[in-house]
$ cat final-v3.txt   # compact mmCIF, C-alpha atoms (C1' of nucleotides)
# COMPACT_ATOMS: atom_id res chain seq x y z
CA MET K 811 -20.31 87.26 241.34
CA PRO K 812 -17.80 87.49 244.12
CA GLU K 813 -14.27 86.50 243.12
CA LEU K 814 -11.08 87.38 244.96
CA PRO K 815 -11.40 91.22 244.88
CA GLU K 816 -15.02 91.17 246.02
CA VAL K 817 -14.34 88.66 248.79
CA GLU K 818 -11.38 90.74 249.94
CA VAL K 819 -13.57 93.86 250.11
CA VAL K 820 -15.97 91.89 252.34
CA ARG K 821 -13.09 90.57 254.47
CA ARG K 822 -11.83 94.10 255.08
CA GLY K 823 -15.31 95.19 256.04
CA LEU K 824 -15.61 92.36 258.54
CA GLN K 825 -12.14 93.16 259.86
CA SER K 826 -13.24 96.69 260.76
CA SER K 827 -16.88 96.06 261.72
CA ALA K 828 -17.15 92.54 263.15
CA VAL K 829 -13.76 91.45 264.52
CA GLY K 830 -13.48 91.74 268.27
CA ARG K 831 -17.23 91.40 268.76
CA ARG K 832 -19.18 88.58 270.40
CA ILE K 833 -22.04 86.66 268.81
CA THR K 834 -24.61 86.66 271.59
CA ASP K 835 -27.43 85.04 269.63
CA LEU K 836 -28.20 83.73 266.16
CA GLU K 837 -31.12 82.68 264.02
CA ILE K 838 -31.01 80.33 261.05
CA LEU K 839 -33.77 81.22 258.61
CA ASP K 840 -32.83 78.61 255.98
CA ALA K 841 -30.87 75.53 257.01
CA ARG K 842 -29.74 74.85 253.44
CA THR K 843 -27.17 77.57 254.03
CA LEU K 844 -25.47 75.17 256.49
CA ARG K 845 -25.22 72.35 253.92
CA ARG K 846 -21.54 71.74 254.59
CA HIS K 847 -21.96 71.76 258.37
CA GLY K 848 -22.21 68.00 258.84
CA GLN K 849 -23.42 67.97 262.46
CA GLY K 850 -26.65 69.86 261.80
CA PRO K 851 -28.07 73.29 262.62
CA GLN K 852 -28.39 72.71 266.37
CA ASP K 853 -24.68 71.91 266.65
CA PHE K 854 -23.86 75.04 264.64
CA ILE K 855 -25.96 77.15 267.01
CA GLU K 856 -24.27 75.63 270.05
CA GLN K 857 -20.79 76.26 268.67
CA VAL K 858 -21.39 79.83 267.58
CA THR K 859 -23.48 81.20 270.43
CA GLY K 860 -21.26 83.21 272.76
CA ALA K 861 -18.21 82.99 270.49
CA CYS K 862 -15.95 85.98 269.96
CA ILE K 863 -14.78 86.81 266.42
CA ASP K 864 -10.98 86.94 266.59
CA SER K 865 -10.07 87.92 263.03
CA ALA K 866 -11.18 87.79 259.39
CA GLN K 867 -9.08 85.65 257.03
CA ARG K 868 -9.27 84.81 253.33
CA ARG K 869 -7.73 82.46 250.81
CA GLY K 870 -9.02 82.75 247.25
CA LYS K 871 -12.80 83.04 247.45
CA TYR K 872 -13.04 81.48 250.92
CA LEU K 873 -13.47 83.64 254.01
CA TRP K 874 -13.19 82.43 257.57
CA LEU K 875 -13.66 83.94 260.99
CA PRO K 876 -11.48 82.29 263.67
CA MET K 877 -13.43 82.19 266.92
CA LYS K 878 -12.95 81.46 270.57
CA THR K 879 -15.80 79.11 271.33
CA GLY K 880 -16.84 77.50 274.58
CA SER K 881 -15.60 74.07 273.52
CA GLY K 882 -12.09 75.10 272.64
CA GLU K 883 -9.72 77.01 270.41
CA GLY K 884 -8.75 76.41 266.82
CA THR K 885 -12.18 76.69 265.24
CA ALA K 886 -13.52 79.06 262.62
CA MET K 887 -16.73 79.86 260.83
CA VAL K 888 -16.08 79.34 257.12
CA VAL K 889 -18.01 81.54 254.69
CA HIS K 890 -18.32 81.03 250.95
CA LEU K 891 -20.38 83.65 249.11
CA GLY K 892 -21.04 81.46 246.06
CA MET K 893 -22.71 83.53 243.34
CA SER K 894 -24.97 85.75 245.36
CA GLY K 895 -23.91 85.62 249.01
CA GLN K 896 -23.57 88.79 251.09
CA MET K 897 -22.23 89.45 254.58
CA LEU K 898 -23.87 92.59 255.89
CA VAL K 899 -23.20 94.41 259.14
CA SER K 900 -26.25 96.48 259.96
CA ARG K 901 -28.19 97.92 262.84
CA SER K 902 -30.77 95.50 264.20
CA ASP K 903 -33.64 97.96 263.63
CA ILE K 904 -33.06 97.85 259.87
CA PRO K 905 -35.73 95.51 258.39
CA ASP K 906 -34.62 92.07 257.22
CA GLN K 907 -33.35 91.94 253.65
CA ARG K 908 -35.00 89.59 251.18
CA HIS K 909 -33.24 86.19 251.10
CA LEU K 910 -31.85 86.58 254.61
CA ARG K 911 -30.58 83.09 255.54
CA CYS K 912 -28.81 83.59 258.85
CA ARG K 913 -28.66 86.34 261.49
CA PHE K 914 -25.88 86.80 264.06
CA VAL K 915 -26.68 89.18 266.90
CA LEU K 916 -23.59 91.09 268.03
CA ASP K 917 -22.78 92.15 271.61
CA ASP K 918 -25.65 94.06 273.23
CA GLY K 919 -27.97 93.48 270.25
CA ALA K 920 -27.77 96.90 268.61
CA ASP K 921 -26.02 95.47 265.55
CA GLU K 922 -26.28 92.26 263.53
CA LEU K 923 -24.17 90.35 261.05
CA ARG K 924 -26.47 89.02 258.32
CA PHE K 925 -25.85 86.37 255.68
CA VAL K 926 -28.05 87.07 252.67
CA ASP K 927 -27.98 84.73 249.67
CA GLN K 928 -30.48 84.70 246.83
CA ARG K 929 -29.32 81.52 245.08
CA ILE K 930 -28.01 79.48 248.01
CA PHE K 931 -24.78 78.63 246.20
CA GLY K 932 -22.96 80.03 249.18
CA GLY K 933 -22.88 78.68 252.69
CA LEU K 934 -21.62 78.74 256.26
CA TYR K 935 -20.11 76.03 258.45
CA MET K 936 -17.84 75.55 261.43
CA ASP K 937 -14.49 73.88 260.90
CA ARG K 938 -11.31 73.22 262.84
CA LEU K 939 -8.16 75.13 262.00
CA ILE K 940 -5.04 73.19 261.16
CA ALA K 941 -1.41 74.22 260.67
CA VAL K 942 -0.20 75.13 257.19
CA ASP K 943 2.87 73.21 255.98
CA ASP K 944 4.70 76.08 254.29
CA ALA K 945 4.20 78.88 256.83
CA PRO K 946 4.93 78.53 260.56
CA GLY K 947 2.09 79.79 262.75
CA GLU K 948 -0.41 80.07 259.88
CA THR K 949 -3.62 78.03 260.08
CA ILE K 950 -6.40 77.19 257.64
CA PRO K 951 -9.78 75.44 257.92
CA SER K 952 -9.32 71.69 257.41
CA THR K 953 -11.83 71.53 254.53
CA ILE K 954 -9.94 73.98 252.32
CA VAL K 955 -6.36 72.74 252.59
CA HIS K 956 -6.58 71.77 248.90
CA ILE K 957 -7.18 75.41 247.90
CA GLY K 958 -3.99 76.90 246.51
CA ARG K 959 -2.49 80.24 247.42
CA ASP K 960 -3.89 83.15 245.43
CA PRO K 961 -1.94 85.58 243.22
CA LEU K 962 -2.14 88.29 245.89
CA ASP K 963 -0.64 86.00 248.56
CA ARG K 964 2.96 86.82 249.46
CA LEU K 965 3.78 83.08 249.30
CA PHE K 966 2.18 82.58 245.87
CA SER K 967 4.65 80.55 243.81
CA LEU K 968 4.78 80.97 240.04
CA ASP K 969 7.30 78.11 239.94
CA GLU K 970 4.65 75.72 241.26
CA VAL K 971 1.99 77.04 238.88
CA PHE K 972 4.35 76.64 235.94
CA ALA K 973 5.18 73.08 237.03
CA GLN K 974 1.43 72.32 237.03
CA THR K 975 1.00 73.71 233.52
CA GLN K 976 3.88 71.54 232.32
CA ARG K 977 2.31 68.29 233.44
CA ARG K 978 -1.37 68.98 232.81
CA ARG K 979 -2.96 68.31 229.45
CA THR K 980 -5.87 70.73 229.28
CA GLU K 981 -6.74 74.30 228.29
CA ILE K 982 -5.48 77.44 230.05
CA LYS K 983 -8.91 78.59 231.23
CA ARG K 984 -9.52 75.35 233.09
CA ILE K 985 -6.23 75.92 234.91
CA LEU K 986 -7.12 79.55 235.68
CA LEU K 987 -10.41 78.40 237.22
CA ASP K 988 -8.83 75.47 239.07
CA GLN K 989 -8.75 76.71 242.66
CA SER K 990 -6.12 74.15 243.67
CA VAL K 991 -3.58 75.65 241.24
CA ALA K 992 -4.18 79.31 242.07
CA ALA K 993 -7.18 80.46 244.06
CA GLY K 994 -9.51 83.41 243.65
CA ILE K 995 -9.89 83.63 239.86
CA GLY K 996 -13.46 83.15 238.58
CA ASN K 997 -15.09 83.51 235.18
CA ILE K 998 -14.94 87.32 235.00
CA TYR K 999 -11.27 87.78 235.92
CA ALA K 1000 -10.21 84.72 233.91
CA ASP K 1001 -11.65 86.30 230.75
CA GLU K 1002 -10.16 89.70 231.62
CA ALA K 1003 -6.70 88.25 232.34
CA LEU K 1004 -6.73 86.26 229.08
CA TRP K 1005 -7.56 89.41 227.12
CA ARG K 1006 -4.77 91.37 228.82
CA ALA K 1007 -2.27 88.58 228.14
CA GLY K 1008 -3.46 88.11 224.54
CA LEU K 1009 -4.23 84.41 224.98
CA HIS K 1010 -7.25 82.40 223.84
CA PHE K 1011 -9.06 80.42 226.54
CA ALA K 1012 -8.50 77.10 224.75
CA THR K 1013 -4.72 77.41 224.53
CA PRO K 1014 -3.20 74.05 225.61
CA VAL K 1015 -1.31 74.77 228.84
CA ASN K 1016 1.48 72.30 228.18
CA SER K 1017 2.31 74.23 225.01
CA MET K 1018 2.74 77.53 226.88
CA SER K 1019 6.17 79.00 227.52
CA ARG K 1020 7.32 80.14 230.91
CA ASP K 1021 6.91 83.74 229.69
CA GLU K 1022 3.30 83.11 228.64
CA VAL K 1023 2.42 81.51 231.98
CA THR K 1024 4.11 84.41 233.77
CA ALA K 1025 2.17 86.88 231.63
CA ILE K 1026 -1.24 85.36 232.28
CA TYR K 1027 -0.81 85.22 236.07
CA ALA K 1028 0.70 88.73 236.09
CA ALA K 1029 -2.40 89.87 234.18
CA ALA K 1030 -4.66 88.14 236.69
CA HIS K 1031 -2.80 89.84 239.55
CA GLU K 1032 -3.04 93.20 237.81
CA VAL K 1033 -6.76 93.06 236.98
CA MET K 1034 -7.73 91.80 240.42
CA THR K 1035 -5.65 94.50 242.13
CA GLU K 1036 -7.31 97.19 240.01
CA ALA K 1037 -10.75 95.74 240.77
CA LEU K 1038 -9.99 95.71 244.50
CA ASP K 1039 -9.03 99.40 244.31
CA GLN K 1040 -12.45 100.10 242.74
CA GLY K 1041 -14.34 98.18 245.43
CA GLY K 1042 -14.94 95.13 243.20
CA THR K 1043 -17.23 94.33 240.24
CA SER K 1044 -20.99 94.74 240.63
CA PHE K 1045 -23.46 94.14 237.77
CA ASP K 1046 -26.52 94.46 239.96
CA SER K 1047 -27.26 94.51 243.66
CA LEU K 1048 -26.08 90.92 244.16
CA TYR K 1049 -22.51 91.83 245.04
CA VAL K 1050 -22.11 94.46 247.77
CA ASN K 1051 -19.74 95.17 250.65
CA VAL K 1052 -20.69 94.80 254.35
CA ASN K 1053 -22.44 98.17 254.19
CA GLY K 1054 -24.54 97.16 251.17
CA GLU K 1055 -22.60 99.30 248.68
CA SER K 1056 -21.66 98.23 245.12
CA GLY K 1057 -18.17 98.38 243.54
CA TYR K 1058 -17.31 100.26 240.39
CA PHE K 1059 -15.06 97.94 238.39
CA ALA K 1060 -17.78 96.73 235.98
CA ARG K 1061 -17.21 99.86 233.89
CA SER K 1062 -13.54 98.90 233.49
CA LEU K 1063 -14.13 95.40 232.10
CA ASN K 1064 -12.71 94.91 228.60
CA VAL K 1065 -14.37 91.67 227.45
CA TYR K 1066 -16.67 90.15 230.09
CA GLY K 1067 -20.27 91.04 229.24
CA ARG K 1068 -19.17 92.96 226.12
CA ALA K 1069 -20.11 90.48 223.35
CA GLY K 1070 -20.92 92.41 220.17
CA GLU K 1071 -19.10 95.53 221.37
CA ASN K 1072 -15.74 96.75 220.10
CA CYS K 1073 -12.38 95.66 221.46
CA ARG K 1074 -10.75 98.61 223.21
CA ARG K 1075 -7.37 97.57 221.83
CA CYS K 1076 -8.03 96.76 218.15
CA ASN K 1077 -11.71 97.68 217.56
CA SER K 1078 -12.70 94.14 216.49
CA THR K 1079 -16.01 92.73 217.70
CA ILE K 1080 -15.88 90.87 221.03
CA VAL K 1081 -17.15 87.29 220.80
CA ARG K 1082 -18.94 85.17 223.39
CA SER K 1083 -18.74 81.40 223.19
CA ALA K 1084 -19.53 78.46 225.44
CA PHE K 1085 -16.73 76.76 227.34
CA MET K 1086 -17.01 74.56 230.45
CA ASN K 1087 -20.78 75.12 230.51
CA ARG K 1088 -20.33 78.85 230.96
CA SER K 1089 -19.62 81.91 228.84
CA SER K 1090 -16.21 82.97 227.60
CA HIS K 1091 -15.65 86.41 226.14
CA TYR K 1092 -12.66 87.24 223.95
CA CYS K 1093 -11.34 89.33 221.07
CA PRO K 1094 -10.80 87.09 218.02
CA VAL K 1095 -7.92 89.28 216.81
CA CYS K 1096 -6.05 89.96 220.08
CA GLN K 1097 -6.67 86.38 221.26
CA PRO K 1098 -6.45 84.13 218.17
CA ILE K 1099 -7.72 80.56 218.47
CA PRO K 1100 -4.65 78.29 218.85
C1' DC D 1203 -3.86 60.74 239.52
C1' DC D 1204 -6.02 63.28 235.93
C1' DC D 1205 -9.78 64.78 233.15
C1' DG D 1206 -14.29 66.44 232.16
C1' DG D 1207 -19.16 66.39 232.84
C1' DC D 1208 -23.02 66.63 236.13
C1' DT D 1209 -25.39 68.79 239.95
C1' DC D 1210 -27.24 72.07 243.15
C1' DT D 1211 -29.85 76.70 243.37
C1' DT D 1212 -33.18 81.23 242.39
C1' DG D 1213 -35.01 84.72 239.79
C1' DG D 1214 -34.57 87.84 235.79
C1' DG D 1215 -35.44 87.94 231.01
C1' DC D 1216 -37.42 86.51 226.85
C1' DG D 1217 -40.33 84.10 223.32
C1' DC D 1218 -44.78 82.49 222.23
C1' DT Q 176 -50.83 88.18 231.02
C1' DG Q 177 -48.71 84.00 231.97
C1' DC Q 178 -46.24 79.97 231.28
C1' DG Q 179 -42.06 77.59 230.39
C1' DC Q 180 -37.43 77.65 229.22
C1' DC Q 181 -32.67 79.40 229.43
C1' DC Q 182 -29.00 81.54 231.77
C1' DA Q 183 -25.89 83.17 235.40
C1' DA Q 184 -21.72 80.39 238.33
C1' DG Q 185 -18.34 77.83 242.13
C1' DA Q 186 -16.94 73.69 243.53
C1' DG Q 187 -17.79 69.05 245.25
C1' DC Q 188 -18.39 64.69 243.39
C1' DC Q 189 -17.92 60.75 240.47
C1' DG Q 190 -17.25 57.82 236.32
C1' DG Q 191 -13.92 56.73 232.79
$ encode --input "final-v3.txt" --output "structure tokens"
Amino acid sequence: MPELPEVEVVRRGLQSSAVGRRITDLEILDARTLRRHGQGPQDFIEQVTGACIDSAQRRGKYLWLPMKTGSGEGTAMVVHLGMSGQMLVSRSDIPDQRHLRCRFVLDDGADELRFVDQRIFGGLYMDRLIAVDDAPGETIPSTIVHIGRDPLDRLFSLDEVFAQTQRRRTEIKRILLDQSVAAGIGNIYADEALWRAGLHFATPVNSMSRDEVTAIYAAAHEVMTEALDQGGTSFDSLYVNVNGESGYFARSLNVYGRAGENCRRCNSTIVRSAFMNRSSHYCPVCQPIP
DNA sequence: CCCGGCTCTTGGGCGC
DNA sequence: TGCGCCCAAGAGCCGG
């Protein structure tokens, strides 16, 4: 389940293995992957064929590859991995992976960039880049301007996040997962950050002090940085880097996926309960219900 | 504007 | 052995 650390691992892989290369041909094996590309598959093919990959950028869980295309500058291929998306750079003679949705032939054809996605929650589309208000020279795809800066971004503003928590009337986990407040946090790192900060997921945000809001986002920053250092969290083969390798952070998780096991801080039994139509994992002693 | 619920999607796992 | 159901999850969308 790629969240910020996993997407950043993929971005770094693309930075070293795909940036600077030209897409000389491509094949779309499942057009559903282009759901958000409004002009259809043929338009996508026309835009991408012959384009050179200029860089690999990320905000939160969104990746994009700015490209020089025939039609003009200021466009990028936006990539969202969803639950099960993978961007793989591999030699062309390696057989197609199961669930291969799109193939980009690089340069002379010896290598390919492959988008593999079992559940088709992820997707690819072309978008125009527009200027960012708060940073001169920085651009972002037009469709994701509503996505907030993430905790690892040098311009991340805790003041703005705290202001949001003051005026919203909802629970802290909804805010953690709201990508317009702070991007990149998904279900796994939300649960892990809440455990580290000692807060229950249903804590009303407008009741939280400045210190508590600071603590929860510091915890999110900390756990995501540690996960990035371990190559991300992999439970199975669904999340891998561009070389198809898994990360090792799953063994360091304290609550996610540990229902029925003991809390590493106080030895109580970890609980799993439903919230927002998904699972939340917490320690009932370290994170008392408000 | 804000809130919260619905929807899309595949395949592994489990009960009968 | 096989069928059917549940679950995993991000984020756009829409009704209240």
$ residues_around --input "final-v3.txt" --residues "Ser1078 of chain K" --least-positions-apart "4" --cutoff "10 Å" --atoms "all atoms listed in the file" --output "count of residues only"
9
$ residues_near_point --input "final-v3.txt" --point "(-28.1, 77.1, 251.8)" --cutoff "12 Å" --atoms "all atoms listed in the file" --output "MDAnalysis selection string"
(chainID K and resid 838:847 851 889:895 909:912 925:935) or (chainID D and resid 1210:1212)
$ atom_distance --input "final-v3.txt" --atom1 "atom CA of Glu818 of chain K" --atom2 "atom CA of Ala1007 of chain K"
23.7 Å
$ closest_residue --input "final-v3.txt" --among "K:Phe972, K:Phe966, K:Tyr1058, K:Tyr872" --to "chain Q" --atoms "all atoms listed in the file"
K:Tyr872
$ interface_residues --input "final-v3.txt" --of "chain Q" --to "chain K" --cutoff "12 Å" --atoms "only C-alpha atoms (C1' of nucleotides)" --output "list in words"
DC182, DA183, DA184, DG185, DA186 and DG187 of chain Q
$ residues_near_point --input "final-v3.txt" --point "(-9.5, 82.2, 242.0)" --cutoff "12 Å" --atoms "all atoms listed in the file" --output "VMD selection string"
(chain K and resid 811 to 818 868 to 872 957 to 963 983 to 1000 1003 1027 1030 to 1031 1034) or (chain Q and resid 185 to 186)
$ write_last_selection --input "final-v3.txt" --atoms "C-alpha atoms (C1' of nucleotides)" --output "PDB file, in the coordinates of the input"
ATOM      1  CA  MET K 811     -20.310  87.260 241.340  1.00  0.00           C
ATOM      2  CA  PRO K 812     -17.800  87.490 244.120  1.00  0.00           C
ATOM      3  CA  GLU K 813     -14.270  86.500 243.120  1.00  0.00           C
ATOM      4  CA  LEU K 814     -11.080  87.380 244.960  1.00  0.00           C
ATOM      5  CA  PRO K 815     -11.400  91.220 244.880  1.00  0.00           C
ATOM      6  CA  GLU K 816     -15.020  91.170 246.020  1.00  0.00           C
ATOM      7  CA  VAL K 817     -14.340  88.660 248.790  1.00  0.00           C
ATOM      8  CA  GLU K 818     -11.380  90.740 249.940  1.00  0.00           C
ATOM      9  CA  ARG K 868      -9.270  84.810 253.330  1.00  0.00           C
ATOM     10  CA  ARG K 869      -7.730  82.460 250.810  1.00  0.00           C
ATOM     11  CA  GLY K 870      -9.020  82.750 247.250  1.00  0.00           C
ATOM     12  CA  LYS K 871     -12.800  83.040 247.450  1.00  0.00           C
ATOM     13  CA  TYR K 872     -13.040  81.480 250.920  1.00  0.00           C
ATOM     14  CA  ILE K 957      -7.180  75.410 247.900  1.00  0.00           C
ATOM     15  CA  GLY K 958      -3.990  76.900 246.510  1.00  0.00           C
ATOM     16  CA  ARG K 959      -2.490  80.240 247.420  1.00  0.00           C
ATOM     17  CA  ASP K 960      -3.890  83.150 245.430  1.00  0.00           C
ATOM     18  CA  PRO K 961      -1.940  85.580 243.220  1.00  0.00           C
ATOM     19  CA  LEU K 962      -2.140  88.290 245.890  1.00  0.00           C
ATOM     20  CA  ASP K 963      -0.640  86.000 248.560  1.00  0.00           C
ATOM     21  CA  LYS K 983      -8.910  78.590 231.230  1.00  0.00           C
ATOM     22  CA  ARG K 984      -9.520  75.350 233.090  1.00  0.00           C
ATOM     23  CA  ILE K 985      -6.230  75.920 234.910  1.00  0.00           C
ATOM     24  CA  LEU K 986      -7.120  79.550 235.680  1.00  0.00           C
ATOM     25  CA  LEU K 987     -10.410  78.400 237.220  1.00  0.00           C
ATOM     26  CA  ASP K 988      -8.830  75.470 239.070  1.00  0.00           C
ATOM     27  CA  GLN K 989      -8.750  76.710 242.660  1.00  0.00           C
ATOM     28  CA  SER K 990      -6.120  74.150 243.670  1.00  0.00           C
ATOM     29  CA  VAL K 991      -3.580  75.650 241.240  1.00  0.00           C
ATOM     30  CA  ALA K 992      -4.180  79.310 242.070  1.00  0.00           C
ATOM     31  CA  ALA K 993      -7.180  80.460 244.060  1.00  0.00           C
ATOM     32  CA  GLY K 994      -9.510  83.410 243.650  1.00  0.00           C
ATOM     33  CA  ILE K 995      -9.890  83.630 239.860  1.00  0.00           C
ATOM     34  CA  GLY K 996     -13.460  83.150 238.580  1.00  0.00           C
ATOM     35  CA  ASN K 997     -15.090  83.510 235.180  1.00  0.00           C
ATOM     36  CA  ILE K 998     -14.940  87.320 235.000  1.00  0.00           C
ATOM     37  CA  TYR K 999     -11.270  87.780 235.920  1.00  0.00           C
ATOM     38  CA  ALA K1000     -10.210  84.720 233.910  1.00  0.00           C
ATOM     39  CA  ALA K1003      -6.700  88.250 232.340  1.00  0.00           C
ATOM     40  CA  TYR K1027      -0.810  85.220 236.070  1.00  0.00           C
ATOM     41  CA  ALA K1030      -4.660  88.140 236.690  1.00  0.00           C
ATOM     42  CA  HIS K1031      -2.800  89.840 239.550  1.00  0.00           C
ATOM     43  CA  MET K1034      -7.730  91.800 240.420  1.00  0.00           C
TER      44      MET K1034
ATOM     45  C1'  DG Q 185     -18.340  77.830 242.130  1.00  0.00           C
ATOM     46  C1'  DA Q 186     -16.940  73.690 243.530  1.00  0.00           C
TER      47       DA Q 186
END
$ closest_residue --input "final-v3.txt" --among "K:Glu981, K:Val915, K:Thr953, K:Val971" --to "chain D" --atoms "all atoms listed in the file"
K:Glu981
$ atom_distance --input "final-v3.txt" --atom1 "atom CA of Tyr1049 of chain K" --atom2 "atom CA of Glu1036 of chain K"
16.9 Å
$ atom_distance --input "final-v3.txt" --atom1 "atom CA of Gln857 of chain K" --atom2 "atom CA of Ile940 of chain K"
17.7 Å
$ residues_around --input "final-v3.txt" --residues "DG191 of chain Q" --least-positions-apart "5" --cutoff "12 Å" --atoms "all atoms listed in the file" --output "number ranges by chain"
D: 1204-1207
$ write_last_selection --input "final-v3.txt" --atoms "C-alpha atoms (C1' of nucleotides)" --output "PDB file, keeping the file's coordinate frame"
ATOM      1  C1'  DC D1204      -6.020  63.280 235.930  1.00  0.00           C
ATOM      2  C1'  DC D1205      -9.780  64.780 233.150  1.00  0.00           C
ATOM      3  C1'  DG D1206     -14.290  66.440 232.160  1.00  0.00           C
ATOM      4  C1'  DG D1207     -19.160  66.390 232.840  1.00  0.00           C
TER       5       DG D1207
END
$ residues_around --input "final-v3.txt" --residues "Asp864 of chain K" --least-positions-apart "2" --cutoff "6 Å" --atoms "only C-alpha atoms (C1' of nucleotides)" --output "PyMOL selection string"
chain K and resi 829-830+876-877
$ closest_residue --input "final-v3.txt" --among "K:Asn1064, K:Thr1013, K:Thr980, K:Ser1019" --to "chain D" --atoms "all atoms listed in the file"
K:Thr980
$ axis_aligned_box --input "final-v3.txt" --around "chain D" --padding-each-side "5 Å" --output "JSON"
{"center_x": -24.3, "center_y": 74.3, "center_z": 232.8, "size_x": 50.9, "size_y": 37.2, "size_z": 31.1}
